[in-house]
>>> print(open('run_29.csv').read())   # CSV, C-alpha atoms and all ligand atoms
chain,number,residue,atom,x,y,z
S,1,MET,CA,-41.0,15.9,71.9
S,2,LYS,CA,-41.7,19.6,71.5
S,3,ILE,CA,-40.3,20.7,68.1
S,4,LEU,CA,-40.0,24.3,67.0
S,5,VAL,CA,-40.1,24.6,63.2
S,6,ILE,CA,-38.6,27.7,61.6
S,7,GLY,CA,-39.7,28.3,58.0
S,8,ALA,CA,-42.9,26.3,58.6
S,9,ASN,CA,-44.7,27.8,55.6
S,10,GLY,CA,-42.0,26.6,53.3
S,11,GLN,CA,-41.9,23.4,51.2
S,12,LEU,CA,-39.9,21.4,53.7
S,13,GLY,CA,-41.0,23.1,56.9
S,14,SER,CA,-44.7,22.5,56.2
S,15,ASP,CA,-44.1,18.8,55.8
S,16,VAL,CA,-42.0,18.7,59.0
S,17,VAL,CA,-45.0,20.1,60.9
S,18,ARG,CA,-47.4,17.6,59.3
S,19,ALA,CA,-45.0,14.7,60.1
S,20,ALA,CA,-44.5,15.9,63.7
S,21,GLU,CA,-48.2,16.0,64.3
S,22,ARG,CA,-48.7,12.6,62.7
S,23,ALA,CA,-46.0,11.1,65.0
S,24,GLY,CA,-47.7,12.7,68.1
S,25,HIS,CA,-45.0,15.3,68.7
S,26,GLN,CA,-45.9,18.9,69.7
S,27,ALA,CA,-45.0,21.1,66.8
S,28,VAL,CA,-44.5,24.9,67.3
S,29,PRO,CA,-44.6,26.3,63.8
S,30,PHE,CA,-43.1,29.7,62.9
S,31,ARG,CA,-44.5,30.4,59.4
S,32,GLY,CA,-42.0,32.6,57.6
S,33,ARG,CA,-40.1,35.8,58.5
S,34,HIS,CA,-43.3,37.6,59.5
S,35,GLU,CA,-43.7,35.3,62.5
S,36,LEU,CA,-40.0,34.8,63.3
S,37,ASP,CA,-37.2,36.5,61.4
S,38,VAL,CA,-34.0,34.6,61.7
S,39,THR,CA,-32.0,37.7,60.8
S,40,ARG,CA,-33.0,39.2,64.1
S,41,ALA,CA,-31.0,37.6,66.9
S,42,GLU,CA,-33.2,39.0,69.7
S,43,GLU,CA,-36.4,37.8,68.1
S,44,VAL,CA,-35.0,34.3,67.7
S,45,SER,CA,-33.7,34.2,71.2
S,46,ARG,CA,-37.1,35.4,72.7
S,47,ALA,CA,-39.0,32.8,70.7
S,48,LEU,CA,-36.8,29.9,72.0
S,49,ALA,CA,-36.9,31.2,75.5
S,50,ALA,CA,-40.7,31.4,75.4
S,51,HIS,CA,-41.2,27.9,74.0
S,52,ARG,CA,-38.1,26.0,75.4
S,53,PRO,CA,-38.3,23.3,72.7
S,54,ASP,CA,-36.6,20.0,72.9
S,55,ALA,CA,-35.6,20.4,69.2
S,56,VAL,CA,-35.5,23.1,66.6
S,57,MET,CA,-35.7,22.5,62.8
S,58,ASN,CA,-34.3,25.3,60.9
S,59,ALA,CA,-35.8,25.1,57.4
S,60,ALA,CA,-35.7,28.8,56.8
S,61,ALA,CA,-33.5,29.9,54.0
S,62,ARG,CA,-33.0,32.1,51.0
S,63,CYS,CA,-32.9,29.3,48.4
S,64,ASP,CA,-33.6,30.9,45.0
S,65,VAL,CA,-30.1,30.2,43.7
S,66,ASP,CA,-30.1,32.9,41.0
S,67,ALA,CA,-31.6,35.6,43.3
S,68,CYS,CA,-28.8,34.8,45.9
S,69,GLU,CA,-26.3,35.6,43.2
S,70,THR,CA,-27.7,39.1,42.6
S,71,ASP,CA,-28.6,39.9,46.2
S,72,SER,CA,-25.7,38.3,48.1
S,73,ALA,CA,-26.2,40.5,51.2
S,74,ARG,CA,-29.7,39.1,51.9
S,75,ALA,CA,-28.5,35.6,51.2
S,76,TRP,CA,-25.7,36.1,53.7
S,77,GLU,CA,-28.1,37.5,56.3
S,78,VAL,CA,-30.6,34.6,56.1
S,79,ASN,CA,-28.5,31.6,55.2
S,80,ALA,CA,-25.4,32.4,57.3
S,81,LEU,CA,-26.2,34.9,60.0
S,82,GLY,CA,-29.7,33.6,60.5
S,83,ALA,CA,-28.2,30.1,61.0
S,84,ARG,CA,-25.9,31.6,63.6
S,85,HIS,CA,-28.7,33.3,65.5
S,86,VAL,CA,-30.7,30.1,65.6
S,87,ALA,CA,-27.7,28.1,66.8
S,88,GLN,CA,-26.9,30.5,69.6
S,89,ALA,CA,-30.5,30.5,70.8
S,90,CYS,CA,-30.5,26.7,70.7
S,91,ARG,CA,-27.3,26.5,72.7
S,92,ASP,CA,-28.7,29.0,75.3
S,93,GLN,CA,-31.9,26.9,75.7
S,94,GLY,CA,-30.2,23.5,75.6
S,95,SER,CA,-32.3,22.6,72.5
S,96,ARG,CA,-31.2,20.2,69.9
S,97,LEU,CA,-30.7,21.8,66.5
S,98,LEU,CA,-31.4,20.3,63.1
S,99,HIS,CA,-30.1,22.7,60.5
S,100,VAL,CA,-31.0,22.0,56.9
S,101,SER,CA,-28.4,22.5,54.2
S,102,THR,CA,-27.7,21.7,50.6
S,103,ASP,CA,-25.9,19.6,47.9
S,104,TYR,CA,-24.8,23.0,46.4
S,105,VAL,CA,-22.0,23.2,49.0
S,106,PHE,CA,-20.2,20.9,46.6
S,107,SER,CA,-18.4,21.8,43.3
S,108,GLY,CA,-19.8,18.9,41.3
S,109,ASP,CA,-16.3,17.7,40.2
S,110,LYS,CA,-17.0,14.1,41.4
S,111,ASP,CA,-18.8,11.6,39.3
S,112,GLN,CA,-20.2,9.5,42.2
S,113,PRO,CA,-22.3,10.6,45.1
S,114,TYR,CA,-20.8,13.0,47.6
S,115,VAL,CA,-20.5,11.7,51.1
S,116,GLU,CA,-20.2,13.5,54.4
S,117,THR,CA,-16.4,13.4,54.4
S,118,ASP,CA,-16.0,15.1,51.0
S,119,LEU,CA,-14.7,18.6,51.0
S,120,PRO,CA,-17.3,21.3,50.2
S,121,ARG,CA,-16.3,23.8,47.5
S,122,PRO,CA,-19.3,25.8,46.5
S,123,LEU,CA,-19.6,27.4,43.1
S,124,ASN,CA,-22.2,30.1,43.8
S,125,THR,CA,-23.3,32.6,46.5
S,126,TYR,CA,-26.2,30.3,47.6
S,127,GLY,CA,-23.7,27.5,48.3
S,128,ILE,CA,-21.2,29.8,50.0
S,129,THR,CA,-23.8,31.3,52.3
S,130,LYS,CA,-25.2,27.8,53.1
S,131,LEU,CA,-21.8,26.5,53.9
S,132,ALA,CA,-21.1,29.5,56.2
S,133,GLY,CA,-24.5,28.7,57.8
S,134,GLU,CA,-23.4,25.1,58.4
S,135,HIS,CA,-20.2,26.3,60.1
S,136,PHE,CA,-22.1,28.7,62.3
S,137,ALA,CA,-24.7,26.1,63.2
S,138,LEU,CA,-22.0,23.7,64.3
S,139,ALA,CA,-19.7,26.3,65.9
S,140,TYR,CA,-22.4,28.1,67.9
S,141,GLY,CA,-24.9,25.4,68.5
S,142,GLY,CA,-24.8,22.8,71.2
S,143,ARG,CA,-26.2,19.5,70.0
S,144,THR,CA,-26.3,20.4,66.2
S,145,LEU,CA,-26.9,18.1,63.3
S,146,VAL,CA,-26.5,19.7,59.8
S,147,VAL,CA,-28.6,17.8,57.3
S,148,ARG,CA,-27.7,18.2,53.7
S,149,THR,CA,-30.3,17.3,51.1
S,150,SER,CA,-30.9,17.8,47.4
S,151,GLY,CA,-33.7,18.4,44.8
S,152,LEU,CA,-36.6,18.9,47.1
S,153,TYR,CA,-40.3,18.7,46.1
S,154,GLY,CA,-43.3,18.7,48.4
S,155,ILE,CA,-46.9,19.6,48.3
S,156,GLN,CA,-46.4,23.1,49.5
S,157,GLY,CA,-44.0,24.0,46.7
S,158,SER,CA,-41.0,26.2,47.3
S,159,ARG,CA,-41.9,29.6,48.7
S,160,GLU,CA,-39.1,31.3,46.9
S,161,LYS,CA,-39.0,29.5,43.6
S,162,GLY,CA,-42.8,29.2,43.4
S,163,GLY,CA,-43.9,25.5,43.2
S,164,ASN,CA,-41.5,22.6,42.5
S,165,PHE,CA,-40.0,20.9,39.5
S,166,VAL,CA,-42.5,17.9,39.6
S,167,GLU,CA,-45.5,20.2,39.5
S,168,THR,CA,-43.9,22.4,36.8
S,169,MET,CA,-43.5,19.3,34.6
S,170,VAL,CA,-47.0,18.1,35.4
S,171,ARG,CA,-48.3,21.5,34.2
S,172,LEU,CA,-46.1,21.9,31.2
S,173,SER,CA,-46.6,18.4,30.0
S,174,ALA,CA,-50.4,19.0,29.8
S,175,VAL,CA,-49.9,21.8,27.2
S,176,ARG,CA,-46.6,21.3,25.4
S,177,PRO,CA,-45.6,18.5,23.0
S,178,GLU,CA,-41.9,18.9,23.8
S,179,ILE,CA,-39.9,20.3,26.7
S,180,ARG,CA,-36.2,21.2,26.8
S,181,LEU,CA,-34.4,19.8,29.9
S,182,ALA,CA,-30.9,19.8,31.2
S,183,CYS,CA,-29.2,16.5,30.6
S,184,ASP,CA,-25.8,17.4,32.2
S,185,GLN,CA,-26.7,18.2,35.8
S,186,VAL,CA,-27.2,15.2,38.1
S,187,LEU,CA,-28.9,15.4,41.5
S,188,SER,CA,-30.8,13.3,44.0
S,189,PRO,CA,-34.5,14.2,43.8
S,190,THR,CA,-35.9,14.1,47.4
S,191,SER,CA,-39.5,14.1,48.6
S,192,THR,CA,-40.0,16.5,51.6
S,193,ARG,CA,-42.4,14.0,53.0
S,194,ASP,CA,-39.7,11.3,53.2
S,195,LEU,CA,-37.1,13.7,54.4
S,196,SER,CA,-39.4,15.1,57.2
S,197,GLU,CA,-40.0,11.7,58.6
S,198,THR,CA,-36.3,11.0,58.7
S,199,LEU,CA,-35.6,14.4,60.2
S,200,LEU,CA,-37.9,13.7,63.1
S,201,GLY,CA,-36.2,10.4,63.7
S,202,LEU,CA,-32.8,12.2,63.8
S,203,ALA,CA,-34.2,14.8,66.2
S,204,GLY,CA,-34.5,12.1,68.8
S,205,LEU,CA,-31.0,10.8,68.5
S,206,ASP,CA,-27.7,12.2,69.9
S,207,LEU,CA,-26.0,12.2,66.5
S,208,CYS,CA,-24.2,15.5,65.9
S,209,GLY,CA,-22.1,16.8,62.9
S,210,VAL,CA,-23.1,16.5,59.3
S,211,VAL,CA,-25.3,13.9,57.6
S,212,HIS,CA,-26.6,13.5,54.0
S,213,VAL,CA,-30.3,12.7,53.7
S,214,CYS,CA,-31.8,12.2,50.2
S,215,ASN,CA,-34.0,9.7,48.5
S,216,ARG,CA,-31.8,6.9,47.1
S,217,GLY,CA,-30.3,7.2,43.6
S,218,ALA,CA,-29.5,10.0,41.2
S,219,CYS,CA,-30.6,11.4,37.9
S,220,SER,CA,-30.4,14.3,35.6
S,221,TRP,CA,-33.3,16.9,35.2
S,222,LEU,CA,-34.0,15.2,31.9
S,223,GLU,CA,-34.3,11.7,33.4
S,224,TRP,CA,-36.4,13.1,36.3
S,225,ALA,CA,-38.8,14.7,33.9
S,226,THR,CA,-38.9,11.6,31.7
S,227,GLU,CA,-39.9,9.5,34.7
S,228,ILE,CA,-42.7,12.0,35.6
S,229,PHE,CA,-44.1,11.9,32.0
S,230,ARG,CA,-43.9,8.1,32.1
S,231,LEU,CA,-45.8,7.9,35.4
S,232,LEU,CA,-48.4,10.3,34.2
S,233,GLY,CA,-48.8,8.4,30.9
S,234,ARG,CA,-48.1,11.6,28.9
S,235,ASP,CA,-46.6,11.5,25.4
S,236,VAL,CA,-44.2,14.4,25.7
S,237,ARG,CA,-40.8,14.7,24.0
S,238,ALA,CA,-38.1,15.5,26.6
S,239,CYS,CA,-35.4,17.3,24.6
S,240,PRO,CA,-31.8,17.0,26.1
S,241,VAL,CA,-30.0,20.4,26.2
S,242,PRO,CA,-27.0,21.6,28.2
S,243,LEU,CA,-27.6,23.4,31.4
S,244,ASP,CA,-25.7,26.4,30.1
S,245,SER,CA,-28.3,27.0,27.4
S,246,PHE,CA,-30.7,28.3,30.1
S,247,GLY,CA,-28.5,31.4,30.7
S,248,LEU,CA,-28.9,31.2,34.5
S,249,GLN,CA,-27.2,33.7,36.7
S,250,ALA,CA,-25.5,31.3,39.1
S,251,ARG,CA,-23.1,28.4,38.2
S,252,ARG,CA,-24.4,25.0,39.4
S,253,PRO,CA,-22.5,21.8,40.3
S,254,ARG,CA,-22.7,19.4,37.4
S,255,TYR,CA,-23.0,16.5,39.8
S,256,SER,CA,-24.4,16.8,43.3
S,257,ALA,CA,-26.0,13.5,44.2
S,258,LEU,CA,-25.6,12.7,47.9
S,259,GLU,CA,-25.1,9.5,49.8
S,260,SER,CA,-24.6,8.9,53.5
S,261,LEU,CA,-21.7,7.0,55.1
S,262,VAL,CA,-23.2,7.8,58.5
S,263,PHE,CA,-26.6,6.0,58.1
S,264,PRO,CA,-25.2,2.5,57.6
S,265,ARG,CA,-22.8,3.0,60.4
S,266,ILE,CA,-25.5,3.8,62.9
S,267,GLY,CA,-28.0,1.3,61.5
S,268,ILE,CA,-30.5,3.7,59.8
S,269,PRO,CA,-31.9,2.3,56.6
S,270,PRO,CA,-31.6,4.4,53.5
S,271,LEU,CA,-34.6,6.4,52.3
S,272,PRO,CA,-36.7,4.9,49.5
S,273,HIS,CA,-35.4,5.2,45.9
S,274,TRP,CA,-36.3,8.5,44.2
S,275,GLN,CA,-38.5,6.8,41.6
S,276,ASP,CA,-40.6,5.1,44.4
S,277,ALA,CA,-41.0,8.5,46.2
S,278,LEU,CA,-42.0,10.2,43.0
S,279,ALA,CA,-44.6,7.6,42.1
S,280,ARG,CA,-46.0,7.9,45.7
S,281,TYR,CA,-46.1,11.7,45.4
S,282,LEU,CA,-48.0,11.6,42.1
S,283,ARG,CA,-50.4,8.9,43.4
S,284,GLU,CA,-51.2,11.0,46.4
S,285,ALA,CA,-51.3,14.3,44.5
S,286,ARG,CA,-54.7,15.3,45.7
S,287,HIS,CA,-53.4,18.8,46.0
S,288,LEU,CA,-53.0,19.0,42.2
S,289,PRO,CA,-56.1,20.1,40.4
S,290,ASP,CA,-57.8,17.4,38.4
S,291,SER,CA,-57.5,19.6,35.3
S,292,VAL,CA,-53.8,19.4,35.7
S,293,LEU,CA,-53.5,15.7,36.4
S,294,HIS,CA,-56.1,14.4,33.9
S,295,SER,CA,-55.7,16.8,31.0
N,1,LIG,N1,-35.6,23.4,47.4
N,1,LIG,C1,-34.6,22.6,47.2
N,1,LIG,O1,-34.5,22.0,46.1
N,1,LIG,C2,-33.5,22.4,48.2
N,1,LIG,C3,-32.4,21.5,47.9
N,1,LIG,C4,-31.4,21.3,48.9
N,1,LIG,C5,-31.5,21.9,50.1
N,1,LIG,N2,-32.6,22.8,50.4
N,1,LIG,C6,-32.7,23.4,51.7
N,1,LIG,O2,-33.9,23.0,52.3
N,1,LIG,C7,-34.4,24.0,53.1
N,1,LIG,C8,-35.8,24.2,52.9
N,1,LIG,O3,-36.0,24.6,51.5
N,1,LIG,P1,-37.5,24.8,50.9
N,1,LIG,O4,-37.5,24.2,49.5
N,1,LIG,O5,-38.5,24.3,51.9
N,1,LIG,O6,-37.5,26.4,50.8
N,1,LIG,P2,-38.8,27.4,50.8
N,1,LIG,O7,-40.0,26.7,50.4
N,1,LIG,O8,-38.4,28.6,50.0
N,1,LIG,O9,-38.9,27.8,52.3
N,1,LIG,C9,-38.0,28.7,52.9
N,1,LIG,C10,-38.6,29.1,54.2
N,1,LIG,O10,-37.8,30.1,54.8
N,1,LIG,C11,-38.6,31.2,55.2
N,1,LIG,N3,-37.8,32.4,55.4
N,1,LIG,C12,-37.1,33.1,54.4
N,1,LIG,N4,-36.5,34.1,55.0
N,1,LIG,C13,-36.7,34.0,56.3
N,1,LIG,C14,-36.3,34.8,57.4
N,1,LIG,N5,-35.5,35.9,57.3
N,1,LIG,N6,-36.7,34.4,58.6
N,1,LIG,C15,-37.4,33.3,58.8
N,1,LIG,N7,-37.9,32.6,57.8
N,1,LIG,C16,-37.5,32.9,56.6
N,1,LIG,C17,-39.7,31.3,54.2
N,1,LIG,O11,-40.8,32.0,54.6
N,1,LIG,P3,-41.2,33.5,54.2
N,1,LIG,O12,-40.9,33.6,52.7
N,1,LIG,O13,-42.7,33.6,54.4
N,1,LIG,O14,-40.4,34.4,55.0
N,1,LIG,C18,-40.0,29.8,54.0
N,1,LIG,O15,-40.8,29.4,55.1
N,1,LIG,C19,-33.4,25.2,52.9
N,1,LIG,O16,-32.5,25.2,54.0
N,1,LIG,C20,-32.8,24.9,51.6
N,1,LIG,O17,-31.5,25.6,51.6
N,1,LIG,C21,-33.6,23.0,49.4
>>> encode(input="run_29.csv", output="structure tokens", more="lines below")
Ligand SMILES: NC(=O)c1ccc[n+]([C@@H]2O[C@H](COP(=O)([O-])OP(=O)(O)OC[C@H]3O[C@@H](n4cnc5c(N)ncnc54)[C@H](OP(=O)(O)O)[C@@H]3O)[C@@H](O)[C@H]2O)c1
Amino acid sequence: MKILVIGANGQLGSDVVRAAERAGHQAVPFRGRHELDVTRAEEVSRALAAHRPDAVMNAAARCDVDACETDSARAWEVNALGARHVAQACRDQGSRLLHVSTDYVFSGDKDQPYVETDLPRPLNTYGITKLAGEHFALAYGGRTLVVRTSGLYGIQGSREKGGNFVETMVRLSAVRPEIRLACDQVLSPTSTRDLSETLLGLAGLDLCGVVHVCNRGACSWLEWATEIFRLLGRDVRACPVPLDSFGLQARRPRYSALESLVFPRIGIPPLPHWQDALARYLREARHLPDSVLHS
């Protein structure tokens, strides 16, 4: 399969390229807006016409949640209009589209995992623009699958946020005796390596619509960090604090763990539990400097 990856220098996109190459697919990576800017419809259309891919993974986004709140125009351009341009080009070329979206389309009022049939009600600009992007991807694309995920971490680190939560905890726990962590926001931490492999499997299916793909289980930021410290054998005090105490620009859903009703119906096994994925990530963390891991 020939797979064109948009946002290939991002945390998820870079793992999708690696997973595609491992599986023997032909990956065509576009590494960031300087190689292919999704806000420019003509540019997107030309790239797809030139490569005529079987499938397109749109992992490009503006995903710094607080930056989206202060610069909603750019968030709209990339997350919503960009999604529309990619979908239109996919429809024109007959390419399958996998469009990546987020748990932040939900309000967080539930206290059990959100499934595909739950009604989105985003609380912030990032979530609103991502939900608009989902609608554009489904409305304009041909064979579109919107894949919602949550709490990503991967070896590349997030372009926009600079790194990822796991590596921030690895770094901070080497130098601080205690760390303040939100205990009242729950999510599904997901390894981009596991997600990428599932995305590739989904690219080869006819499944269209919306699907939730995360590592299994859920935890708060506090529980996530505590597990990181445990796996690293670090004696750090994780201090529970409310999310509000961080004074963030954008409101966040209090609970945004995701589960899939679709996967069991079509016989796809769930992804590994988040604790298994995290342990694997830290075991394989050759990209982390020894001074960080062994201090
Ligand atoms: N990170 C999370 O925890 C999380 C959670 C749930 C869902 N998601 C979703 O997962 C996807 C991937 O996230 P990520 O963590 O991999 O983000 P990331 O590391 O910030 O990557 C975003 C990518 O988008 C590219 N990009 C930004 N503006 C662009 C534009 N105008 N045209 C083309 N490319 C552009 C960036 O490259 P340049 O900066 O070089 O342009 C980068 O390659 C996104 O759809 C996000 O909404 C993320």
>>> closest_atom_pairs(input="run_29.csv", of="chain S", to="ligand LIG 1 (chain N)", cutoff="8 Å", atoms="only C-alpha atoms and all ligand atoms", output="JSON lines")
{"residue": "S:Ile6", "atom": "CA", "partner": "N:LIG1", "partner_atom": "N7", "distance": 6.2}
{"residue": "S:Gly7", "atom": "CA", "partner": "N:LIG1", "partner_atom": "O15", "distance": 3.3}
{"residue": "S:Ala8", "atom": "CA", "partner": "N:LIG1", "partner_atom": "O15", "distance": 5.1}
{"residue": "S:Asn9", "atom": "CA", "partner": "N:LIG1", "partner_atom": "O15", "distance": 4.2}
{"residue": "S:Gly10", "atom": "CA", "partner": "N:LIG1", "partner_atom": "O9", "distance": 3.5}
{"residue": "S:Gln11", "atom": "CA", "partner": "N:LIG1", "partner_atom": "O5", "distance": 3.6}
{"residue": "S:Leu12", "atom": "CA", "partner": "N:LIG1", "partner_atom": "O5", "distance": 3.7}
{"residue": "S:Gly13", "atom": "CA", "partner": "N:LIG1", "partner_atom": "O5", "distance": 5.7}
{"residue": "S:Ser14", "atom": "CA", "partner": "N:LIG1", "partner_atom": "O5", "distance": 7.8}
{"residue": "S:Phe30", "atom": "CA", "partner": "N:LIG1", "partner_atom": "N7", "distance": 7.8}
{"residue": "S:Arg31", "atom": "CA", "partner": "N:LIG1", "partner_atom": "O15", "distance": 5.8}
{"residue": "S:Gly32", "atom": "CA", "partner": "N:LIG1", "partner_atom": "O11", "distance": 3.3}
{"residue": "S:Arg33", "atom": "CA", "partner": "N:LIG1", "partner_atom": "N6", "distance": 3.7}
{"residue": "S:His34", "atom": "CA", "partner": "N:LIG1", "partner_atom": "O14", "distance": 6.2}
{"residue": "S:Glu35", "atom": "CA", "partner": "N:LIG1", "partner_atom": "C15", "distance": 7.6}
{"residue": "S:Leu36", "atom": "CA", "partner": "N:LIG1", "partner_atom": "C15", "distance": 5.4}
{"residue": "S:Asp37", "atom": "CA", "partner": "N:LIG1", "partner_atom": "N6", "distance": 3.5}
{"residue": "S:Val38", "atom": "CA", "partner": "N:LIG1", "partner_atom": "N6", "distance": 4.1}
{"residue": "S:Thr39", "atom": "CA", "partner": "N:LIG1", "partner_atom": "N5", "distance": 5.3}
{"residue": "S:Arg40", "atom": "CA", "partner": "N:LIG1", "partner_atom": "N5", "distance": 8.0}
{"residue": "S:Asn58", "atom": "CA", "partner": "N:LIG1", "partner_atom": "O16", "distance": 7.1}
{"residue": "S:Ala59", "atom": "CA", "partner": "N:LIG1", "partner_atom": "C8", "distance": 4.6}
{"residue": "S:Ala60", "atom": "CA", "partner": "N:LIG1", "partner_atom": "O10", "distance": 3.2}
{"residue": "S:Ala61", "atom": "CA", "partner": "N:LIG1", "partner_atom": "O10", "distance": 4.4}
{"residue": "S:Arg62", "atom": "CA", "partner": "N:LIG1", "partner_atom": "C12", "distance": 5.4}
{"residue": "S:Cys63", "atom": "CA", "partner": "N:LIG1", "partner_atom": "O17", "distance": 5.1}
{"residue": "S:Asp64", "atom": "CA", "partner": "N:LIG1", "partner_atom": "O8", "distance": 7.3}
{"residue": "S:Glu77", "atom": "CA", "partner": "N:LIG1", "partner_atom": "N5", "distance": 7.6}
{"residue": "S:Val78", "atom": "CA", "partner": "N:LIG1", "partner_atom": "N5", "distance": 5.2}
{"residue": "S:Asn79", "atom": "CA", "partner": "N:LIG1", "partner_atom": "O17", "distance": 7.6}
{"residue": "S:Gly82", "atom": "CA", "partner": "N:LIG1", "partner_atom": "N5", "distance": 7.0}
{"residue": "S:His99", "atom": "CA", "partner": "N:LIG1", "partner_atom": "O16", "distance": 7.4}
{"residue": "S:Val100", "atom": "CA", "partner": "N:LIG1", "partner_atom": "O16", "distance": 4.6}
{"residue": "S:Ser101", "atom": "CA", "partner": "N:LIG1", "partner_atom": "O16", "distance": 4.9}
{"residue": "S:Thr102", "atom": "CA", "partner": "N:LIG1", "partner_atom": "C5", "distance": 3.8}
{"residue": "S:Asp103", "atom": "CA", "partner": "N:LIG1", "partner_atom": "C4", "distance": 5.8}
{"residue": "S:Tyr104", "atom": "CA", "partner": "N:LIG1", "partner_atom": "C4", "distance": 7.3}
{"residue": "S:Lys130", "atom": "CA", "partner": "N:LIG1", "partner_atom": "O17", "distance": 6.8}
{"residue": "S:Arg148", "atom": "CA", "partner": "N:LIG1", "partner_atom": "C5", "distance": 6.4}
{"residue": "S:Thr149", "atom": "CA", "partner": "N:LIG1", "partner_atom": "C4", "distance": 4.7}
{"residue": "S:Ser150", "atom": "CA", "partner": "N:LIG1", "partner_atom": "C4", "distance": 3.8}
{"residue": "S:Gly151", "atom": "CA", "partner": "N:LIG1", "partner_atom": "O1", "distance": 3.9}
{"residue": "S:Leu152", "atom": "CA", "partner": "N:LIG1", "partner_atom": "O1", "distance": 3.9}
{"residue": "S:Tyr153", "atom": "CA", "partner": "N:LIG1", "partner_atom": "O1", "distance": 6.7}
{"residue": "S:Gln156", "atom": "CA", "partner": "N:LIG1", "partner_atom": "O7", "distance": 7.4}
{"residue": "S:Gly157", "atom": "CA", "partner": "N:LIG1", "partner_atom": "O7", "distance": 6.1}
{"residue": "S:Ser158", "atom": "CA", "partner": "N:LIG1", "partner_atom": "O7", "distance": 3.3}
{"residue": "S:Arg159", "atom": "CA", "partner": "N:LIG1", "partner_atom": "O7", "distance": 3.9}
{"residue": "S:Glu160", "atom": "CA", "partner": "N:LIG1", "partner_atom": "O8", "distance": 4.2}
{"residue": "S:Lys161", "atom": "CA", "partner": "N:LIG1", "partner_atom": "O8", "distance": 6.5}
{"residue": "S:Gly162", "atom": "CA", "partner": "N:LIG1", "partner_atom": "O7", "distance": 7.9}
{"residue": "S:Asn164", "atom": "CA", "partner": "N:LIG1", "partner_atom": "N1", "distance": 7.7}
{"residue": "S:Thr192", "atom": "CA", "partner": "N:LIG1", "partner_atom": "O5", "distance": 7.9}
>>> atom_distance(input="run_29.csv", atom1="atom CA of Ala279 of chain S", atom2="atom CA of Asp15 of chain S")
17.7 Å
>>> residues_near_point(input="run_29.csv", point="(-44.5, 8.0, 46.9)", cutoff="12 Å", atoms="all atoms listed in the file", output="CSV table (one decimal) with C-alpha atoms, in the frame of the given file")
chain,number,residue,atom,x,y,z
S,153,TYR,CA,-40.3,18.7,46.1
S,154,GLY,CA,-43.3,18.7,48.4
S,155,ILE,CA,-46.9,19.6,48.3
S,190,THR,CA,-35.9,14.1,47.4
S,191,SER,CA,-39.5,14.1,48.6
S,192,THR,CA,-40.0,16.5,51.6
S,193,ARG,CA,-42.4,14.0,53.0
S,194,ASP,CA,-39.7,11.3,53.2
S,195,LEU,CA,-37.1,13.7,54.4
S,215,ASN,CA,-34.0,9.7,48.5
S,231,LEU,CA,-45.8,7.9,35.4
S,271,LEU,CA,-34.6,6.4,52.3
S,272,PRO,CA,-36.7,4.9,49.5
S,273,HIS,CA,-35.4,5.2,45.9
S,274,TRP,CA,-36.3,8.5,44.2
S,275,GLN,CA,-38.5,6.8,41.6
S,276,ASP,CA,-40.6,5.1,44.4
S,277,ALA,CA,-41.0,8.5,46.2
S,278,LEU,CA,-42.0,10.2,43.0
S,279,ALA,CA,-44.6,7.6,42.1
S,280,ARG,CA,-46.0,7.9,45.7
S,281,TYR,CA,-46.1,11.7,45.4
S,282,LEU,CA,-48.0,11.6,42.1
S,283,ARG,CA,-50.4,8.9,43.4
S,284,GLU,CA,-51.2,11.0,46.4
S,285,ALA,CA,-51.3,14.3,44.5
>>> closest_residue(input="run_29.csv", among="S:Thr117, S:Gln88, S:Thr129, S:Thr226", to="Arg74 of chain S", atoms="only C-alpha atoms")
S:Thr129
>>> closest_residue(input="run_29.csv", among="S:Glu223, S:Ala238, S:Ala218, S:Phe136", to="Ser173 of chain S", atoms="only C-alpha atoms")
S:Ala238
>>> closest_residue(input="run_29.csv", among="S:Ala182, S:Val170, S:Val65, S:Ala137", to="Thr125 of chain S", atoms="all atoms listed in the file")
S:Val65
>>> closest_residue(input="run_29.csv", among="S:Cys183, S:Phe165, S:Leu172, S:Val147", to="Cys214 of chain S", atoms="all atoms listed in the file")
S:Val147
>>> atom_distance(input="run_29.csv", atom1="atom CA of Leu222 of chain S", atom2="atom CA of Pro189 of chain S")
12.0 Å
>>> residues_around(input="run_29.csv", residues="Leu98 of chain S", least_positions_apart="5", cutoff="7 Å", atoms="all atoms listed in the file", output="CSV table (one decimal) with C-alpha atoms, keeping the file's coordinate frame")
chain,number,residue,atom,x,y,z
S,56,VAL,CA,-35.5,23.1,66.6
S,57,MET,CA,-35.7,22.5,62.8
S,58,ASN,CA,-34.3,25.3,60.9
S,144,THR,CA,-26.3,20.4,66.2
S,145,LEU,CA,-26.9,18.1,63.3
S,146,VAL,CA,-26.5,19.7,59.8
S,147,VAL,CA,-28.6,17.8,57.3
S,203,ALA,CA,-34.2,14.8,66.2
>>> atom_distance(input="run_29.csv", atom1="atom CA of Phe229 of chain S", atom2="atom CA of Arg251 of chain S")
27.4 Å
>>> closest_residue(input="run_29.csv", among="S:Cys219, S:Ala174, S:Val210, S:Ile128", to="Gly233 of chain S", atoms="only C-alpha atoms")
S:Ala174
>>> closest_residue(input="run_29.csv", among="S:Ala250, S:Ala257, S:Ile228, S:Val175", to="Ser188 of chain S", atoms="only C-alpha atoms")
S:Ala257
>>> residues_around(input="run_29.csv", residues="Ala55 of chain S", least_positions_apart="6", cutoff="6 Å", atoms="all atoms listed in the file", output="list in words")
Ile3, Ser95, Arg96 and Leu97 of chain S
>>> residues_around(input="run_29.csv", residues="Lys2 of chain S", least_positions_apart="4", cutoff="12 Å", atoms="all atoms listed in the file", output="MDAnalysis selection string")
chainID S and resid 17 20:21 23:29 48 51:57 95:96 200 203:204
